[in-house]
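Engineer: Questions regarding the structure given below will be posed in turn.
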Amino acid sequence: MTDFDRREGPDRRKSPVQDRNKSVGRRENDILDAVAPLEPSFKAQGHNQTTRNRIFEIMEVGSQKDVISRAFDIFIICLISLNVLAVILESVVSIHKEWFLEFEYFDRFSVFIFTIELLMRIWTVIESPDPKFSHPIWGRVRYLFTLNALVDILAILPFYLSFLMTLDLRFMRVLRLLRVFKLTRYSSAMSIMLTVLRQEARAFGAALFVLLLLMIFSASMIFLFEHKAQPDVFSNIPNSMWWAVITLTTVGFGDAYPITPMGKLFGAMISIIGIGMVALPAGILASAFSEQLHIRREKYRDQVNDALSDGILTHGEAEQLRKIQEDLGISVEEARNILHHSVKGKLHFYTHCPHCGENLQKDPSKP
């Protein structure tokens with residue numbers, strides 16, 4: 001039995017058994033408010049809940065929409081944003097000289113908070129529902145190699161490295177910009193983007209490989225055409241690759257350009273080809289991003305249809321749908337729209353009582 005299985009006390013993420021098996025009601029408004037409430041209410045902390053489990057809930061992104069968890073998220077997001085702003089302002093020499101001590105104290109305070117946050121995440125990760133983190137030792141080791149943990153480590157690493165070795169202060173200040181990647185934990189769009197990059201790695205690799213071949217070919221040909229006319233600009237193929245890159249990307253800085261007729265003709269051809277080749281990875285990214293959004297909506301719609309297939313939605317099913325909605329990064333408005341079409345379209349819930357004709361969509365609390 002793992003430490004995750006042995007933990008004591010009820011989990012706030014789970015409602016009492018009797019509530020989970022009770023129907024939320026047959027009115028469409030009851031279903032919408034149970035699954036995707038417009039103003040999520042705060043749930044009081046359960047009795048006998050372990051401290052570690054409670055800290056894990058607080059540090060999760062908006063877990064159950066409770067006040068403390070949301071306040072923690074907002075505090076970390078603001079701290080990360082202020083750190084990025086501080087690094088940018090420090091690059092201005094006059095500001096850095098005038099506010100040097102303030103920047104230094106703020107950096108130490110930020111590192112202290114980020115260090116405590118990382119240690120708390122390592123300590124509480126075994127409370128995660130994911131079974132791969134349930135082991136008290138290997139679960140924490142696995143967490144250290146996840147993307148979120150690596151980003152957290154990189155956010156504080158420059159500060160501690162400065163005590164172990166001599167580093168260029170400018171280099172260390174720039175490395176502090178890595179803290180901005182901590183925001184990816186709080187952005188559903190970034191999580192979708194990372195998923196897209198993982199799924200389309202082969203397509204991106206193929207597109208980049210074609211671009212690499214085209215760049216080498218372009219640099220070789222322009223060297224052949226322009227070397228004699230411009231021996232300083234196109235002195236060798238590696239130097240010519242700079243022209244190939246800026247031409248294929250249609251940037252064209254103007255510091256290197258062909259002057260021979262054949263060089264100009266070849267440059268024009270490469271510029272036209274470059275427009276299509278550079279658009280290829282962008283097209284793959286846009287298509288995959290749109291497809292991933294569609295997959296998430298369909299997955300949520302399937303879960304909604306499964307939950308409503310028996311004609312009854314229990315509190316347990318509603319809670320599970322809310323969790324799936326948060327995990328998939330689906331907004332409340334979008335979730336309510338999917339629920340509306342599922343209830344109205346496929347499942348044919350009664351809007352009026354078949355016996356007495358009473359409007360079931362009407363709020364019984366109103367006359």
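FYI, nothing fancy with the structure tokens labels: chains A, B, ... in order, residues from 1 per chain, ligands from 1 as they appear.
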List the neighbours of range 239-250 of chain A out to 8 Å using only C-alpha atoms; skip same-chain residues closer than 6 positions along the sequence, and give me the result as a list in words.

Structural biologist: Met215, Ile216, Ser218, Ala219, Ser220, Ile222, Phe223, Val233, Ala256, Tyr257, Gly267, Ile270, Ser271, Ile273, Gly274, Ile275, Met277 and Val278 of chain A

Engineer: Given the choices A:Val304, A:Phe253, A:Phe204, A:Glu333, which gets closest to Leu280 in chain A if the distance is worked out from only C-alpha atoms?

Structural biologist: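 Nearest to Leu280 in chain A: A:Phe204.
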
Engineer: Please, which residues in range 176-228 of chain A fall within 8 Å of range 150-164 of chain A when counting only C-alpha atoms, and what is the closest atom pair and distance in Å to one decimal for each, ordered by chain then residue number, as CSV?

Structural biologist:
residue,atom,partner,partner_atom,distance
A:Arg176,CA,A:Ala155,CA,6.3
A:Leu177,CA,A:Ala155,CA,7.9
A:Leu178,CA,A:Ala155,CA,5.7
A:Arg179,CA,A:Ala155,CA,4.7
A:Phe181,CA,A:Val151,CA,6.5
A:Lys182,CA,A:Val151,CA,6.2

Engineer: Quick one: write out the picked residues with N, CA and C atoms as a short mmCIF file (atom, residue, chain, number, x, y, z; two decimals), in the first residue's frame?

Structural biologist:
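For reference, again_8.cif as written:
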data_model
loop_
_atom_site.label_atom_id
_atom_site.label_comp_id
_atom_site.auth_asym_id
_atom_site.auth_seq_id
_atom_site.Cartn_x
_atom_site.Cartn_y
_atom_site.Cartn_z
N ARG A 176 17.11 35.16 -15.18
CA ARG A 176 15.94 35.31 -14.32
C ARG A 176 14.66 35.45 -15.13
N LEU A 177 14.79 35.80 -16.41
CA LEU A 177 13.61 35.87 -17.27
C LEU A 177 12.96 34.50 -17.46
N LEU A 178 13.71 33.43 -17.14
CA LEU A 178 13.14 32.09 -17.25
C LEU A 178 11.94 31.92 -16.32
N ARG A 179 11.83 32.78 -15.31
CA ARG A 179 10.70 32.68 -14.39
C ARG A 179 9.37 32.91 -15.09
N PHE A 181 8.32 31.42 -17.55
CA PHE A 181 7.77 30.13 -17.97
C PHE A 181 6.97 29.47 -16.85
N LYS A 182 7.09 29.97 -15.62
CA LYS A 182 6.27 29.44 -14.54
C LYS A 182 4.79 29.74 -14.78
#

Engineer: Return as a PyMOL selection string the full set of residues in range 133-304 of chain A whose backbone-based DSSP assignment is helix (DSSP H, G or I).

Structural biologist: chain A and resi 133+138-144+147-164+169-186+188-199+201-226+237-248+261-304

Engineer: Since we have the selection now, will you write its residues out, keeping C-alpha atoms, as a tab-separated table (two decimals), in the first residue's frame?

Structural biologist:
chain	number	residue	atom	x	y	z
A	133	PHE	CA	3.51	10.13	-8.18
A	138	TRP	CA	10.10	7.55	-6.56
A	139	GLY	CA	6.97	9.64	-7.01
A	140	ARG	CA	8.89	12.72	-5.92
A	141	VAL	CA	11.86	11.77	-8.10
A	142	ARG	CA	9.58	11.44	-11.13
A	143	TYR	CA	8.07	14.83	-10.37
A	144	LEU	CA	11.51	16.47	-10.41
A	147	LEU	CA	8.39	20.06	-17.21
A	148	ASN	CA	6.76	22.12	-14.44
A	149	ALA	CA	9.36	21.06	-11.88
A	150	LEU	CA	12.27	21.78	-14.24
A	151	VAL	CA	10.87	25.26	-14.91
A	152	ASP	CA	10.57	25.89	-11.16
A	153	ILE	CA	14.18	24.77	-10.65
A	154	LEU	CA	15.48	26.97	-13.47
A	155	ALA	CA	13.62	29.94	-11.98
A	156	ILE	CA	15.76	29.88	-8.80
A	157	LEU	CA	18.94	28.20	-10.08
A	158	PRO	CA	20.77	31.40	-11.19
A	159	PHE	CA	20.49	32.87	-7.69
A	160	TYR	CA	22.07	29.83	-5.99
A	161	LEU	CA	24.69	29.40	-8.70
A	162	SER	CA	25.98	32.89	-7.95
A	163	PHE	CA	27.14	31.61	-4.53
A	164	LEU	CA	28.97	28.62	-6.04
A	169	LEU	CA	25.70	39.66	-13.37
A	170	ARG	CA	24.16	40.59	-16.71
A	171	PHE	CA	24.00	36.92	-17.64
A	172	MET	CA	22.34	36.07	-14.33
A	173	ARG	CA	19.76	38.84	-14.73
A	174	VAL	CA	18.81	37.56	-18.17
A	175	LEU	CA	18.47	34.01	-16.84
A	176	ARG	CA	15.94	35.31	-14.32
A	177	LEU	CA	13.61	35.87	-17.27
A	178	LEU	CA	13.14	32.09	-17.25
A	179	ARG	CA	10.70	32.68	-14.39
A	180	VAL	CA	8.14	33.79	-16.95
A	181	PHE	CA	7.77	30.13	-17.97
A	182	LYS	CA	6.27	29.44	-14.54
A	183	LEU	CA	3.14	31.10	-15.91
A	184	THR	CA	2.59	28.13	-18.23
A	185	ARG	CA	1.15	26.23	-15.25
A	186	TYR	CA	-1.66	28.80	-15.05
A	188	SER	CA	-4.61	26.54	-20.51
A	189	ALA	CA	-3.53	27.97	-23.89
A	190	MET	CA	0.12	27.21	-23.13
A	191	SER	CA	-0.75	23.68	-22.02
A	192	ILE	CA	-2.57	23.16	-25.32
A	193	MET	CA	0.44	24.56	-27.19
A	194	LEU	CA	2.82	22.17	-25.43
A	195	THR	CA	0.49	19.28	-26.25
A	196	VAL	CA	0.44	20.35	-29.90
A	197	LEU	CA	4.24	20.55	-30.02
A	198	ARG	CA	4.54	17.04	-28.56
A	199	GLN	CA	1.97	15.54	-30.92
A	201	ALA	CA	6.95	16.77	-33.28
A	202	ARG	CA	7.41	14.57	-36.37
A	203	ALA	CA	5.72	17.08	-38.69
A	204	PHE	CA	7.76	19.98	-37.27
A	205	GLY	CA	10.93	17.91	-37.55
A	206	ALA	CA	10.22	17.13	-41.20
A	207	ALA	CA	9.50	20.79	-42.01
A	208	LEU	CA	12.66	21.98	-40.25
A	209	PHE	CA	14.71	19.32	-42.02
A	210	VAL	CA	13.47	20.55	-45.40
A	211	LEU	CA	14.29	24.13	-44.38
A	212	LEU	CA	17.79	23.04	-43.34
A	213	LEU	CA	18.41	21.35	-46.69
A	214	LEU	CA	17.10	24.38	-48.55
A	215	MET	CA	19.29	26.70	-46.47
A	216	ILE	CA	22.43	24.67	-47.22
A	217	PHE	CA	21.56	24.55	-50.92
A	218	SER	CA	20.87	28.31	-51.03
A	219	ALA	CA	24.11	29.17	-49.23
A	220	SER	CA	26.12	26.94	-51.57
A	221	MET	CA	24.57	28.36	-54.75
A	222	ILE	CA	24.83	32.02	-53.70
A	223	PHE	CA	28.48	31.42	-52.78
A	224	LEU	CA	29.04	30.02	-56.28
A	225	PHE	CA	27.39	33.02	-57.96
A	226	GLU	CA	28.65	35.87	-55.74
A	237	ILE	CA	29.58	28.88	-47.46
A	238	PRO	CA	29.16	29.29	-43.65
A	239	ASN	CA	29.12	33.09	-44.07
A	240	SER	CA	26.70	32.73	-46.95
A	241	MET	CA	24.28	30.87	-44.67
A	242	TRP	CA	23.44	34.19	-43.01
A	243	TRP	CA	22.11	35.47	-46.32
A	244	ALA	CA	20.25	32.19	-46.86
A	245	VAL	CA	18.51	32.43	-43.48
A	246	ILE	CA	17.38	36.05	-43.79
A	247	THR	CA	16.25	35.45	-47.39
A	248	LEU	CA	14.31	32.26	-46.67
A	261	PRO	CA	22.58	38.78	-62.65
A	262	MET	CA	22.62	35.08	-61.76
A	263	GLY	CA	22.81	35.90	-58.05
A	264	LYS	CA	19.81	38.24	-58.29
A	265	LEU	CA	17.79	35.67	-60.24
A	266	PHE	CA	18.61	32.95	-57.75
A	267	GLY	CA	17.88	35.27	-54.82
A	268	ALA	CA	14.45	36.12	-56.25
A	269	MET	CA	13.62	32.43	-56.67
A	270	ILE	CA	14.72	31.62	-53.11
A	271	SER	CA	12.68	34.52	-51.71
A	272	ILE	CA	9.52	33.22	-53.38
A	273	ILE	CA	10.20	29.65	-52.22
A	274	GLY	CA	10.97	30.92	-48.73
A	275	ILE	CA	7.47	32.41	-48.36
A	276	GLY	CA	5.92	28.97	-48.73
A	277	MET	CA	8.55	27.11	-46.71
A	278	VAL	CA	8.32	29.44	-43.71
A	279	ALA	CA	4.53	29.27	-43.82
A	280	LEU	CA	4.68	25.46	-43.63
A	281	PRO	CA	5.51	25.16	-39.87
A	282	ALA	CA	3.06	27.98	-39.11
A	283	GLY	CA	0.32	26.11	-40.97
A	284	ILE	CA	1.10	22.90	-39.13
A	285	LEU	CA	0.97	24.72	-35.79
A	286	ALA	CA	-2.30	26.53	-36.54
A	287	SER	CA	-3.98	23.38	-37.86
A	288	ALA	CA	-2.82	21.24	-34.94
A	289	PHE	CA	-3.86	23.89	-32.41
A	290	SER	CA	-7.34	24.10	-33.90
A	291	GLU	CA	-7.61	20.32	-34.02
A	292	GLN	CA	-6.55	20.02	-30.39
A	293	LEU	CA	-9.27	22.48	-29.35
A	294	HIS	CA	-11.81	20.48	-31.34
A	295	ILE	CA	-10.64	17.21	-29.75
A	296	ARG	CA	-11.01	18.68	-26.26
A	297	ARG	CA	-14.52	19.92	-26.99
A	298	GLU	CA	-15.52	16.53	-28.41
A	299	LYS	CA	-14.00	14.72	-25.45
A	300	TYR	CA	-15.96	16.90	-23.04
A	301	ARG	CA	-19.14	16.46	-25.12
A	302	ASP	CA	-18.71	12.66	-25.00
A	303	GLN	CA	-18.29	12.78	-21.23
A	304	VAL	CA	-21.44	14.91	-20.91

Engineer: Please, what distance in Å, to one decimal, runs between CA of Arg108 in chain A and CA of Trp123 in chain A?

Structural biologist: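 For CA of Arg108 in chain A relative to CA of Trp123 in chain A, the distance reads 22.4 Å.
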
Engineer: Quick one: pull the distance between CA of Glu57 in chain A and CA of Ala318 in chain A, Å, one decimal.

Structural biologist: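 A separation of 19.2 Å between them.
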
Engineer: For CA of Ile80 in chain A and CA of Phe114 in chain A, quote the distance in Å rounded to one decimal.

Structural biologist: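 Straight-line distance from CA of Ile80 in chain A to CA of Phe114 in chain A works out to 9.4 Å.
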